>>> print(open('start_17.cif').read())   # mmCIF, C-alpha atoms
data_structure
#
loop_
_atom_site.label_atom_id
_atom_site.label_comp_id
_atom_site.auth_asym_id
_atom_site.auth_seq_id
_atom_site.Cartn_x
_atom_site.Cartn_y
_atom_site.Cartn_z
CA MET A 3 -44.39 19.07 -15.33
CA LYS A 4 -41.16 17.48 -14.14
CA LYS A 5 -41.23 13.68 -14.22
CA THR A 6 -40.05 11.72 -11.20
CA PRO A 7 -37.52 9.02 -12.18
CA LYS A 8 -38.67 5.46 -11.76
CA SER A 9 -37.24 3.57 -8.81
CA LYS A 10 -34.00 1.77 -9.64
CA LYS A 11 -32.42 -0.72 -7.27
CA PRO A 12 -28.77 0.12 -6.55
CA SER A 13 -26.20 -2.41 -7.70
CA ILE A 14 -23.09 -1.93 -5.61
CA MET A 15 -19.48 -3.05 -5.68
CA PHE A 16 -18.13 -2.77 -2.12
CA ILE A 17 -14.37 -2.35 -1.74
CA PRO A 18 -13.10 -2.31 1.88
CA TRP A 19 -9.57 -0.96 1.57
CA GLU A 20 -9.32 -1.33 5.35
CA ASN A 21 -9.43 -4.86 6.70
CA SER A 22 -10.40 -3.83 10.20
CA GLY A 23 -13.40 -2.96 12.31
CA VAL A 24 -13.84 0.02 9.98
CA GLY A 25 -14.21 -2.20 6.94
CA LEU A 26 -16.50 -4.58 8.81
CA TYR A 27 -18.91 -2.07 10.35
CA ARG A 28 -18.86 0.54 7.61
CA LEU A 29 -19.01 -1.68 4.49
CA ILE A 30 -19.41 -5.39 5.07
CA ILE A 31 -22.31 -5.28 7.55
CA PRO A 32 -24.31 -2.72 5.50
CA MET A 33 -23.59 -4.79 2.38
CA LEU A 34 -24.91 -7.99 3.92
CA SER A 35 -27.96 -6.22 5.32
CA LEU A 36 -28.82 -4.62 1.98
CA ALA A 37 -28.54 -8.04 0.34
CA LYS A 38 -30.63 -9.87 2.95
CA ARG A 39 -33.50 -7.39 2.59
CA LYS A 40 -33.13 -7.30 -1.21
CA LEU A 41 -32.68 -3.53 -1.12
CA ALA A 42 -29.68 -3.68 -3.47
CA ASN A 43 -27.63 -6.05 -5.55
CA VAL A 44 -24.22 -6.29 -3.91
CA GLU A 45 -20.76 -7.72 -4.42
CA THR A 46 -17.37 -7.36 -2.77
CA ILE A 47 -14.03 -7.96 -4.47
CA ASP A 48 -12.34 -10.04 -1.77
CA GLU A 49 -13.53 -12.14 1.13
CA PHE A 50 -13.20 -10.19 4.36
CA SER A 51 -10.66 -11.90 6.57
CA ASP A 52 -7.85 -11.22 9.01
CA ASN A 53 -5.35 -10.93 6.14
CA ILE A 54 -4.81 -7.23 5.42
CA MET A 55 -3.28 -7.87 1.99
CA LYS A 56 -6.44 -9.55 0.75
CA SER A 57 -8.50 -6.40 1.25
CA VAL A 58 -5.88 -4.11 -0.27
CA LYS A 59 -5.32 -6.30 -3.31
CA ILE A 60 -7.85 -5.69 -6.08
CA ASP A 61 -8.48 -8.06 -8.96
CA PHE A 62 -8.62 -5.71 -11.95
CA GLN A 63 -9.78 -8.49 -14.25
CA ILE A 64 -12.91 -8.90 -12.14
CA ILE A 65 -13.52 -5.15 -12.25
CA ALA A 66 -13.02 -5.08 -16.02
CA ASP A 67 -15.54 -7.89 -16.41
CA ARG A 68 -18.05 -6.01 -14.29
CA ILE A 69 -17.61 -2.85 -16.36
CA ASN A 70 -18.05 -4.69 -19.65
CA GLY A 71 -21.12 -6.43 -18.33
CA LYS A 72 -22.52 -3.18 -16.87
CA THR A 73 -23.02 -5.12 -13.65
CA HIS A 74 -22.94 -2.27 -11.15
CA ASN A 75 -23.84 1.40 -10.88
CA ILE A 76 -22.17 2.27 -7.55
CA VAL A 77 -18.69 1.66 -6.13
CA TYR A 78 -18.65 1.96 -2.33
CA THR A 79 -15.29 2.21 -0.52
CA THR A 80 -13.59 3.04 2.74
CA LYS A 81 -10.97 5.81 2.66
CA PRO A 82 -8.20 5.31 0.06
CA LEU A 83 -4.79 4.18 1.29
CA ILE A 84 -2.79 4.88 -1.88
CA PRO A 85 -3.34 7.11 -4.96
CA GLN A 86 -4.09 4.05 -7.11
CA HIS A 87 -7.28 3.56 -5.12
CA ILE A 88 -8.48 7.00 -6.20
CA ALA A 89 -7.47 6.34 -9.80
CA LEU A 90 -9.55 3.15 -9.79
CA CYS A 91 -12.64 4.92 -8.46
CA GLN A 92 -12.27 7.80 -10.92
CA MET A 93 -11.96 5.29 -13.74
CA LEU A 94 -15.19 3.68 -12.60
CA GLN A 95 -16.84 7.11 -12.48
CA GLY A 96 -15.80 7.51 -16.11
CA PHE A 97 -17.80 4.37 -16.89
CA GLY A 98 -20.88 5.81 -15.19
CA TYR A 99 -20.43 4.52 -11.64
CA LYS A 100 -21.29 6.69 -8.65
CA TRP A 101 -18.53 6.70 -6.05
CA VAL A 102 -19.60 6.48 -2.40
CA LEU A 103 -16.78 7.13 0.08
CA ASP A 104 -17.12 6.25 3.77
CA MET A 105 -15.21 8.17 6.47
CA ASP A 106 -15.35 6.86 10.03
CA ASP A 107 -12.77 9.01 11.85
CA ASN A 108 -11.54 12.59 12.05
CA ILE A 109 -8.22 12.17 10.24
CA PHE A 110 -7.22 15.77 10.99
CA GLU A 111 -7.06 15.25 14.76
CA VAL A 112 -5.71 11.71 15.16
CA ASN A 113 -4.34 11.02 18.65
CA LYS A 114 -0.58 10.53 18.83
CA ASP A 115 -0.92 7.02 20.28
CA ASN A 116 -3.03 5.93 17.31
CA PRO A 117 -1.26 3.66 14.77
CA GLY A 118 -2.51 5.95 11.98
CA PHE A 119 -1.09 9.18 13.43
CA ARG A 120 1.97 9.40 11.16
CA ALA A 121 -0.12 8.82 8.04
CA PHE A 122 -2.35 11.80 8.87
CA ASP A 123 0.22 14.07 10.51
CA LYS A 124 -0.81 17.75 10.33
CA GLU A 125 2.67 18.69 9.13
CA GLY A 126 1.98 16.76 5.94
CA LYS A 127 4.45 13.94 6.58
CA GLY A 128 1.78 11.39 5.82
CA ASP A 129 0.72 11.07 2.18
CA ALA A 130 -2.56 9.40 3.16
CA ARG A 131 -4.00 12.69 4.42
CA TYR A 132 -3.55 14.40 1.06
CA TRP A 133 -5.08 11.58 -0.97
CA ILE A 134 -8.07 11.32 1.35
CA GLU A 135 -8.72 15.05 0.92
CA VAL A 136 -8.68 14.52 -2.85
CA ALA A 137 -11.05 11.57 -2.52
CA MET A 138 -13.54 13.50 -0.41
CA ARG A 139 -13.76 16.19 -3.09
CA GLU A 140 -14.06 13.73 -5.97
CA CYS A 141 -16.59 11.23 -4.61
CA ASP A 142 -20.29 11.53 -5.49
CA LEU A 143 -21.49 10.89 -1.94
CA LEU A 144 -19.58 11.09 1.33
CA VAL A 145 -20.92 8.82 4.08
CA VAL A 146 -19.93 9.38 7.73
CA SER A 147 -20.80 7.75 11.03
CA THR A 148 -21.60 10.83 13.16
CA GLU A 149 -22.96 14.37 12.91
CA ASN A 150 -19.61 15.58 14.23
CA LEU A 151 -17.81 14.15 11.19
CA LYS A 152 -20.43 15.63 8.89
CA ASN A 153 -19.52 19.06 10.21
CA VAL A 154 -15.78 18.36 9.97
CA TYR A 155 -15.88 17.18 6.34
CA SER A 156 -18.53 19.50 4.90
CA GLN A 157 -15.74 21.77 3.64
CA TYR A 158 -14.82 19.07 1.12
CA ASN A 159 -18.18 17.82 -0.04
CA LYS A 160 -21.69 19.11 0.62
CA ASN A 161 -23.27 15.81 -0.39
CA ILE A 162 -22.94 14.00 2.96
CA PHE A 163 -25.08 11.27 4.51
CA VAL A 164 -24.85 10.15 8.15
CA ASN A 165 -25.01 6.37 8.39
CA LYS A 166 -24.64 5.54 12.08
CA ASN A 167 -22.86 2.46 13.31
CA THR A 168 -25.41 -0.19 14.19
CA ILE A 169 -25.58 -3.78 15.44
CA ASP A 170 -26.49 -6.63 13.12
CA PHE A 171 -27.89 -9.06 15.67
CA ARG A 172 -27.33 -12.02 13.33
CA PHE A 173 -23.67 -11.82 14.38
CA TRP A 174 -24.39 -11.20 18.06
CA GLU A 175 -26.59 -14.22 18.83
CA HIS A 176 -24.33 -15.26 21.67
CA THR A 177 -25.15 -15.52 25.35
CA ASN A 178 -22.76 -13.63 27.55
CA ALA A 179 -20.84 -16.05 29.77
CA TRP A 180 -22.16 -14.70 33.07
CA GLY A 181 -20.62 -16.42 36.05
CA LYS A 182 -17.78 -18.00 34.09
CA SER A 183 -15.52 -16.52 36.73
CA SER A 184 -16.26 -16.54 40.45
CA LYS A 185 -15.14 -12.91 40.36
CA THR A 186 -16.96 -9.84 39.07
CA VAL A 187 -15.34 -9.20 35.68
CA VAL A 188 -14.80 -5.59 34.64
CA GLY A 189 -13.65 -5.52 31.02
CA TRP A 190 -12.49 -3.33 28.19
CA ALA A 191 -12.54 -4.43 24.53
CA GLY A 192 -11.18 -2.65 21.47
CA ALA A 193 -8.39 -2.09 18.98
CA GLY A 194 -5.10 -0.28 19.53
CA GLY A 195 -4.63 3.47 19.78
CA HIS A 196 -6.18 3.95 23.23
CA THR A 197 -3.11 4.16 25.45
CA LEU A 198 -3.83 7.77 26.42
CA ASP A 199 -7.50 6.95 27.01
CA MET A 200 -6.65 4.03 29.27
CA GLY A 201 -4.67 6.39 31.47
CA LEU A 202 -7.98 7.85 32.64
CA ILE A 203 -8.86 4.70 34.54
CA GLU A 204 -5.49 3.58 35.90
CA GLU A 205 -5.80 5.22 39.31
CA PRO A 206 -9.54 4.43 39.74
CA ILE A 207 -8.83 0.75 38.99
CA LYS A 208 -5.94 0.66 41.45
CA GLU A 209 -8.21 2.13 44.13
CA LEU A 210 -10.95 -0.40 43.42
CA LYS A 211 -8.44 -3.26 43.57
CA LYS A 212 -7.47 -2.21 47.07
CA LYS A 213 -11.11 -2.28 48.15
CA TRP A 214 -12.34 -5.42 46.40
CA GLY A 215 -9.16 -7.50 46.16
CA LYS A 216 -9.63 -10.88 44.50
CA LYS A 217 -13.40 -10.47 44.28
CA VAL A 218 -12.97 -8.40 41.10
CA GLU A 219 -10.97 -9.10 37.94
CA PHE A 220 -10.04 -6.46 35.35
CA VAL A 221 -9.69 -7.86 31.81
CA ALA A 222 -8.47 -6.13 28.64
CA PHE A 223 -9.37 -7.71 25.29
CA GLY A 224 -7.66 -6.56 22.11
CA GLY A 225 -5.19 -3.87 21.16
CA GLU A 226 -4.24 -2.48 24.56
CA LYS A 227 -2.28 -4.26 27.28
CA PRO A 228 -2.45 -2.00 30.33
CA ASP A 229 -0.26 -3.40 33.10
CA PHE A 230 -2.74 -2.31 35.78
CA PHE A 231 -5.30 -4.84 34.46
CA ASP A 232 -5.24 -8.40 35.79
CA LYS A 233 -5.49 -10.14 32.44
CA HIS A 234 -5.08 -9.50 28.71
CA VAL A 235 -6.81 -11.51 25.97
CA GLU A 236 -5.34 -11.39 22.46
CA TRP A 237 -7.33 -10.11 19.48
CA VAL A 238 -9.14 -12.59 17.24
CA GLU A 239 -10.29 -12.65 13.63
CA LEU A 240 -13.10 -10.12 13.19
CA ARG A 241 -15.65 -12.79 12.29
CA LYS A 242 -15.05 -14.41 15.68
CA TYR A 243 -15.03 -11.19 17.68
CA PRO A 244 -18.67 -11.22 18.98
CA GLU A 245 -18.42 -14.84 20.13
CA LYS A 246 -15.06 -14.23 21.80
CA LEU A 247 -16.28 -11.11 23.59
CA ALA A 248 -19.32 -13.02 24.87
CA SER A 249 -17.09 -15.87 26.10
CA LEU A 250 -15.16 -13.53 28.40
CA GLY A 251 -18.19 -13.01 30.62
CA PHE A 252 -17.84 -9.29 31.28
CA ASP A 253 -20.14 -8.20 34.10
CA ILE A 254 -19.31 -4.54 33.40
CA GLY A 255 -17.85 -2.92 30.28
CA ILE A 256 -15.76 0.23 30.41
CA ALA A 257 -15.23 2.84 27.69
CA PRO A 258 -12.72 5.53 28.65
CA LEU A 259 -12.16 8.34 26.13
CA ARG A 260 -10.33 11.63 26.62
CA ASP A 261 -12.33 14.65 25.54
CA ASN A 262 -10.47 15.81 22.43
CA LEU A 263 -11.38 16.61 18.82
CA TYR A 264 -10.49 13.14 17.54
CA ASN A 265 -12.60 11.30 20.12
CA ARG A 266 -15.54 13.66 19.66
CA GLY A 267 -15.82 12.33 16.11
CA LYS A 268 -16.08 8.73 17.28
CA SER A 269 -19.32 6.79 17.48
CA ASN A 270 -20.84 4.93 20.44
CA LEU A 271 -19.65 1.59 19.05
CA ARG A 272 -18.13 0.33 22.31
CA TRP A 273 -21.48 0.85 24.06
CA LEU A 274 -23.33 -0.81 21.15
CA GLU A 275 -21.21 -3.95 21.37
CA TYR A 276 -21.45 -4.26 25.15
CA SER A 277 -25.19 -3.62 24.98
CA ALA A 278 -25.68 -6.33 22.34
CA LEU A 279 -24.52 -8.77 25.05
CA LYS A 280 -26.51 -7.03 27.83
CA ILE A 281 -23.34 -5.76 29.46
CA PRO A 282 -23.80 -2.45 31.34
CA THR A 283 -21.36 0.31 30.39
CA VAL A 284 -19.36 2.84 32.38
CA ALA A 285 -17.96 5.46 30.01
CA SER A 286 -16.34 8.86 29.80
CA ASP A 287 -18.71 11.82 29.63
CA VAL A 288 -17.82 12.67 26.03
CA GLU A 289 -19.88 13.22 22.88
CA PRO A 290 -20.06 9.61 21.62
CA TYR A 291 -21.65 8.26 24.81
CA ARG A 292 -24.07 11.04 25.65
CA GLY A 293 -27.64 9.96 25.01
CA THR A 294 -26.89 6.32 25.91
CA ASN A 295 -27.75 4.65 29.21
CA ALA A 296 -24.07 4.31 30.18
CA LEU A 297 -22.94 5.69 33.52
CA LEU A 298 -20.90 8.74 32.48
CA CYS A 299 -17.73 9.82 34.28
CA ILE A 300 -15.48 12.87 34.27
CA THR A 301 -13.40 12.74 37.45
CA HIS A 302 -11.48 10.03 39.29
CA ALA A 303 -14.23 9.98 41.89
CA ASP A 304 -16.88 9.49 39.17
CA TRP A 305 -15.15 6.36 37.87
CA VAL A 306 -14.67 4.89 41.34
CA SER A 307 -18.28 5.59 42.34
CA ALA A 308 -19.87 4.25 39.14
CA LEU A 309 -17.81 1.05 39.04
CA ASP A 310 -18.12 0.50 42.79
CA THR A 311 -21.91 0.75 42.57
CA LEU A 312 -22.15 -1.82 39.78
CA ILE A 313 -19.60 -4.18 41.33
CA ALA A 314 -21.62 -4.19 44.54
CA ASN A 315 -25.05 -4.67 42.98
CA LYS A 316 -25.72 -7.53 40.56
CA GLU A 317 -29.40 -6.59 40.14
CA THR A 318 -28.48 -3.05 39.08
CA ARG A 319 -25.98 -4.43 36.56
CA GLN A 320 -28.58 -6.77 35.06
CA ALA A 321 -31.27 -4.10 34.84
CA MET A 322 -28.86 -1.68 33.16
CA GLY A 323 -27.65 -4.30 30.70
CA ASN A 324 -31.19 -5.36 29.76
CA GLU A 325 -32.20 -1.75 29.23
CA ALA A 326 -29.15 -1.14 27.02
CA TYR A 327 -29.98 -4.20 24.92
CA GLU A 328 -33.55 -3.01 24.35
CA ILE A 329 -32.37 0.47 23.33
CA VAL A 330 -29.88 -0.88 20.81
CA ASN A 331 -32.32 -3.46 19.44
CA LYS A 332 -34.89 -0.72 18.85
CA LYS A 333 -32.80 2.29 17.81
CA PHE A 334 -29.49 0.90 16.50
CA ASN A 335 -30.57 -2.28 14.75
CA THR A 336 -29.01 -2.68 11.31
CA SER A 337 -32.07 -4.48 9.98
CA THR A 338 -34.19 -1.32 10.20
CA TYR A 339 -31.56 1.40 9.91
CA VAL A 340 -30.20 0.08 6.61
CA ARG A 341 -33.39 1.13 4.80
CA ALA A 342 -32.44 4.79 5.11
CA LEU A 343 -29.08 4.02 3.48
CA ALA A 344 -30.77 2.10 0.67
CA LYS A 345 -33.08 5.04 -0.02
CA ARG A 346 -30.16 7.48 -0.12
CA LEU A 347 -28.21 5.27 -2.53
CA GLU A 348 -31.24 4.94 -4.78
CA GLU A 349 -31.59 8.73 -4.87
CA LEU A 350 -27.89 9.04 -5.71
CA LEU A 351 -28.37 7.15 -8.97
CA TRP A 352 -30.45 10.03 -10.35
CA GLU A 353 -28.32 12.92 -9.12
CA LYS A 354 -25.93 14.91 -11.23
CA LYS A 355 -22.62 15.64 -9.59
CA PRO A 356 -22.29 19.36 -8.80
CA LYS A 357 -19.22 21.16 -10.09
CA GLN A 358 -16.55 21.42 -7.42
CA GLN A 359 -15.37 24.89 -6.50
CA LYS A 360 -11.77 25.62 -7.30
CA LYS A 361 -9.50 25.81 -4.29
#
>>> encode(input="start_17.cif", output="structure tokens")
Amino acid sequence: MKKTPKSKKPSIMFIPWENSGVGLYRLIIPMLSLAKRKLANVETIDEFSDNIMKSVKIDFQIIADRINGKTHNIVYTTKPLIPQHIALCQMLQGFGYKWVLDMDDNIFEVNKDNPGFRAFDKEGKGDARYWIEVAMRECDLLVVSTENLKNVYSQYNKNIFVNKNTIDFRFWEHTNAWGKSSKTVVGWAGAGGHTLDMGLIEEPIKELKKKWGKKVEFVAFGGEKPDFFDKHVEWVELRKYPEKLASLGFDIGIAPLRDNLYNRGKSNLRWLEYSALKIPTVASDVEPYRGTNALLCITHADWVSALDTLIANKETRQAMGNEAYEIVNKKFNTSTYVRALAKRLEELLWEKKPKQQKK
């Protein structure tokens, strides 16, 4: 009779090569949640900050000390940026570590306006694409944020776990600044790489401005500075992002995405963040936002109608925002969802790595 291995709590070294929203949502938040619920012993090499070099720099003396002390049994990383990152993880595998690699985007279909496009160019001009393909084959477990990405990357590794993006409400305990402005504030928040997406709403916004005039204000927060918005707010350190977003007092949040292969791999993160502050969402009718309570739009007329309805009706906005908050709190709450990740990592400790097929 085959014996079932005894439960063994994972002990994990988290290394966020990417000091960005990717590193925060995909590694740091799960790490903190695992620690809070005592589901794993965790450690990260560098403090997560707004300094990109801190997250790329690795203290090899610390790693050597951890190996000698047999401190950890899993190394958990975002996608590698240079070949040395892969070499480090393979060295740790040689010392008995399991390597968990997280992938949060479809690197094969990156939009041309995305800052990472050249690194993942299909013509092979970007070295990063090659090294990530190597990493996906070599890791012990590939973690992705959506079912779409699971299908995209299954050609590289059959051992894939979907860990959805979630909201850790400890960082979103801020009250949205309703009524800060005498105007109805329609806002967009996010990083760069959405210039093409923003083009979807340029004409609808111009039409709504003609109708509502100074009663409505369009605000962009973050990486895009569309000139058809009324105001742009600069990005802030990631730790301060939830508080800053709440302070802007969005009455309505918008999430335009063109329907292409890259965007189909994205998660519903924009809706999650708005919903955490009870902000109703108007979004493109694309894969990431289907199944949410956002008002979904395809045509110019859809955008104008959805936004016009919410601008005109405060009660509808509030009801929609409250409903979104309840959905996220129940179905996308890190505090409960992290248990599935902990279970999968515990199982990983007892698995033997299958032999990779030769390409």
>>> atom_distance(input="start_17.cif", atom1="atom CA of A:Thr294", atom2="atom CA of A:Glu325")
10.2 Å
>>> residues_around(input="start_17.cif", residues="stretch 154-168 of chain A", least_positions_apart="2", cutoff="7 Å", atoms="only C-alpha atoms", output="MDAnalysis selection string")
chainID A and resid 27 138:139 143:152 170 269 271 334:336 343
>>> closest_residue(input="start_17.cif", among="A:Val340, A:Val330, A:Leu34, A:Ile64", to="A:Ile47", atoms="all atoms listed in the file")
A:Ile64
>>> residues_around(input="start_17.cif", residues="A:Ser183", least_positions_apart="4", cutoff="10 Å", atoms="all atoms listed in the file", output="PyMOL selection string")
chain A and resi 179+187+217-219+250-253
>>> write_last_selection(input="start_17.cif", atoms="C-alpha atoms", output="mmCIF file, keeping the file's coordinate frame")
data_model
loop_
_atom_site.group_PDB
_atom_site.id
_atom_site.type_symbol
_atom_site.label_atom_id
_atom_site.label_comp_id
_atom_site.auth_asym_id
_atom_site.auth_seq_id
_atom_site.Cartn_x
_atom_site.Cartn_y
_atom_site.Cartn_z
ATOM 1 C CA ALA A 179 -20.840 -16.050 29.770
ATOM 2 C CA VAL A 187 -15.340 -9.200 35.680
ATOM 3 C CA LYS A 217 -13.400 -10.470 44.280
ATOM 4 C CA VAL A 218 -12.970 -8.400 41.100
ATOM 5 C CA GLU A 219 -10.970 -9.100 37.940
ATOM 6 C CA LEU A 250 -15.160 -13.530 28.400
ATOM 7 C CA GLY A 251 -18.190 -13.010 30.620
ATOM 8 C CA PHE A 252 -17.840 -9.290 31.280
ATOM 9 C CA ASP A 253 -20.140 -8.200 34.100
#
>>> resolve_selection(input="start_17.cif", expression="the PyMOL selection byres ((chain A and resi 95) around 12)", output="list in words")
Ile69, His74, Asn75, Ile76, Val77, Tyr78, Ile88, Ala89, Leu90, Cys91, Gln92, Met93, Leu94, Gly96, Phe97, Gly98, Tyr99, Lys100, Trp101, Val102, Glu140, Cys141, Asp142 and Lys355 of chain A
>>> write_last_selection(input="start_17.cif", atoms="C-alpha atoms", output="PDB file, in the frame of the given file")
ATOM      1  CA  ILE A  69     -17.610  -2.850 -16.360  1.00  0.00           C
ATOM      2  CA  HIS A  74     -22.940  -2.270 -11.150  1.00  0.00           C
ATOM      3  CA  ASN A  75     -23.840   1.400 -10.880  1.00  0.00           C
ATOM      4  CA  ILE A  76     -22.170   2.270  -7.550  1.00  0.00           C
ATOM      5  CA  VAL A  77     -18.690   1.660  -6.130  1.00  0.00           C
ATOM      6  CA  TYR A  78     -18.650   1.960  -2.330  1.00  0.00           C
ATOM      7  CA  ILE A  88      -8.480   7.000  -6.200  1.00  0.00           C
ATOM      8  CA  ALA A  89      -7.470   6.340  -9.800  1.00  0.00           C
ATOM      9  CA  LEU A  90      -9.550   3.150  -9.790  1.00  0.00           C
ATOM     10  CA  CYS A  91     -12.640   4.920  -8.460  1.00  0.00           C
ATOM     11  CA  GLN A  92     -12.270   7.800 -10.920  1.00  0.00           C
ATOM     12  CA  MET A  93     -11.960   5.290 -13.740  1.00  0.00           C
ATOM     13  CA  LEU A  94     -15.190   3.680 -12.600  1.00  0.00           C
ATOM     14  CA  GLY A  96     -15.800   7.510 -16.110  1.00  0.00           C
ATOM     15  CA  PHE A  97     -17.800   4.370 -16.890  1.00  0.00           C
ATOM     16  CA  GLY A  98     -20.880   5.810 -15.190  1.00  0.00           C
ATOM     17  CA  TYR A  99     -20.430   4.520 -11.640  1.00  0.00           C
ATOM     18  CA  LYS A 100     -21.290   6.690  -8.650  1.00  0.00           C
ATOM     19  CA  TRP A 101     -18.530   6.700  -6.050  1.00  0.00           C
ATOM     20  CA  VAL A 102     -19.600   6.480  -2.400  1.00  0.00           C
ATOM     21  CA  GLU A 140     -14.060  13.730  -5.970  1.00  0.00           C
ATOM     22  CA  CYS A 141     -16.590  11.230  -4.610  1.00  0.00           C
ATOM     23  CA  ASP A 142     -20.290  11.530  -5.490  1.00  0.00           C
ATOM     24  CA  LYS A 355     -22.620  15.640  -9.590  1.00  0.00           C
TER      25      LYS A 355
END
>>> atom_distance(input="start_17.cif", atom1="atom CA of A:Ile109", atom2="atom CA of A:Glu135")
9.8 Å
>>> resolve_selection(input="start_17.cif", expression="the PyMOL selection byres ((chain A and resi 20) around 9)", output="number ranges by chain")
A: 17-19, 21-26, 54, 57-58, 80-83
>>> write_last_selection(input="start_17.cif", atoms="C-alpha atoms", output="mmCIF file, in the frame of the given file")
data_model
loop_
_atom_site.group_PDB
_atom_site.id
_atom_site.type_symbol
_atom_site.label_atom_id
_atom_site.label_comp_id
_atom_site.auth_asym_id
_atom_site.auth_seq_id
_atom_site.Cartn_x
_atom_site.Cartn_y
_atom_site.Cartn_z
ATOM 1 C CA ILE A 17 -14.370 -2.350 -1.740
ATOM 2 C CA PRO A 18 -13.100 -2.310 1.880
ATOM 3 C CA TRP A 19 -9.570 -0.960 1.570
ATOM 4 C CA ASN A 21 -9.430 -4.860 6.700
ATOM 5 C CA SER A 22 -10.400 -3.830 10.200
ATOM 6 C CA GLY A 23 -13.400 -2.960 12.310
ATOM 7 C CA VAL A 24 -13.840 0.020 9.980
ATOM 8 C CA GLY A 25 -14.210 -2.200 6.940
ATOM 9 C CA LEU A 26 -16.500 -4.580 8.810
ATOM 10 C CA ILE A 54 -4.810 -7.230 5.420
ATOM 11 C CA SER A 57 -8.500 -6.400 1.250
ATOM 12 C CA VAL A 58 -5.880 -4.110 -0.270
ATOM 13 C CA THR A 80 -13.590 3.040 2.740
ATOM 14 C CA LYS A 81 -10.970 5.810 2.660
ATOM 15 C CA PRO A 82 -8.200 5.310 0.060
ATOM 16 C CA LEU A 83 -4.790 4.180 1.290
#
>>> atom_distance(input="start_17.cif", atom1="atom CA of A:Arg266", atom2="atom CA of A:Lys227")
23.6 Å
>>> residues_around(input="start_17.cif", residues="A:Trp174", least_positions_apart="6", cutoff="9 Å", atoms="all atoms listed in the file", output="list in words")
Pro244, Glu245, Ala248, Glu275, Ala278 and Leu279 of chain A
>>> decode(input="start_17.cif", residues="stretch 310-341 of chain A", atoms="C-alpha atoms", output="mmCIF file, in the first residue's frame")
data_model
loop_
_atom_site.group_PDB
_atom_site.id
_atom_site.type_symbol
_atom_site.label_atom_id
_atom_site.label_comp_id
_atom_site.auth_asym_id
_atom_site.auth_seq_id
_atom_site.Cartn_x
_atom_site.Cartn_y
_atom_site.Cartn_z
ATOM 1 C CA ASP A 310 -24.091 58.614 -19.920
ATOM 2 C CA THR A 311 -26.368 56.387 -17.835
ATOM 3 C CA LEU A 312 -23.975 56.318 -14.880
ATOM 4 C CA ILE A 313 -23.137 60.015 -15.093
ATOM 5 C CA ALA A 314 -26.835 60.828 -14.932
ATOM 6 C CA ASN A 315 -27.751 58.488 -12.084
ATOM 7 C CA LYS A 316 -25.864 58.599 -8.789
ATOM 8 C CA GLU A 317 -28.034 55.876 -7.218
ATOM 9 C CA THR A 318 -27.250 53.472 -10.061
ATOM 10 C CA ARG A 319 -23.532 54.185 -9.670
ATOM 11 C CA GLN A 320 -23.651 53.504 -5.935
ATOM 12 C CA ALA A 321 -25.644 50.283 -6.300
ATOM 13 C CA MET A 322 -23.258 49.007 -8.973
ATOM 14 C CA GLY A 323 -20.190 49.898 -6.928
ATOM 15 C CA ASN A 324 -21.542 48.233 -3.782
ATOM 16 C CA GLU A 325 -22.391 45.094 -5.730
ATOM 17 C CA ALA A 326 -18.893 44.995 -7.247
ATOM 18 C CA TYR A 327 -17.316 45.332 -3.804
ATOM 19 C CA GLU A 328 -19.350 42.412 -2.440
ATOM 20 C CA ILE A 329 -18.422 40.199 -5.402
ATOM 21 C CA VAL A 330 -14.708 40.903 -5.034
ATOM 22 C CA ASN A 331 -14.786 40.520 -1.254
ATOM 23 C CA LYS A 332 -16.429 37.117 -1.616
ATOM 24 C CA LYS A 333 -14.837 35.655 -4.754
ATOM 25 C CA PHE A 334 -11.512 37.487 -5.219
ATOM 26 C CA ASN A 335 -10.336 37.974 -1.645
ATOM 27 C CA THR A 336 -6.686 37.060 -1.159
ATOM 28 C CA SER A 337 -7.313 35.882 2.395
ATOM 29 C CA THR A 338 -9.360 32.908 1.186
ATOM 30 C CA TYR A 339 -7.938 32.335 -2.285
ATOM 31 C CA VAL A 340 -4.354 31.988 -1.031
ATOM 32 C CA ARG A 341 -5.194 28.652 0.613
#
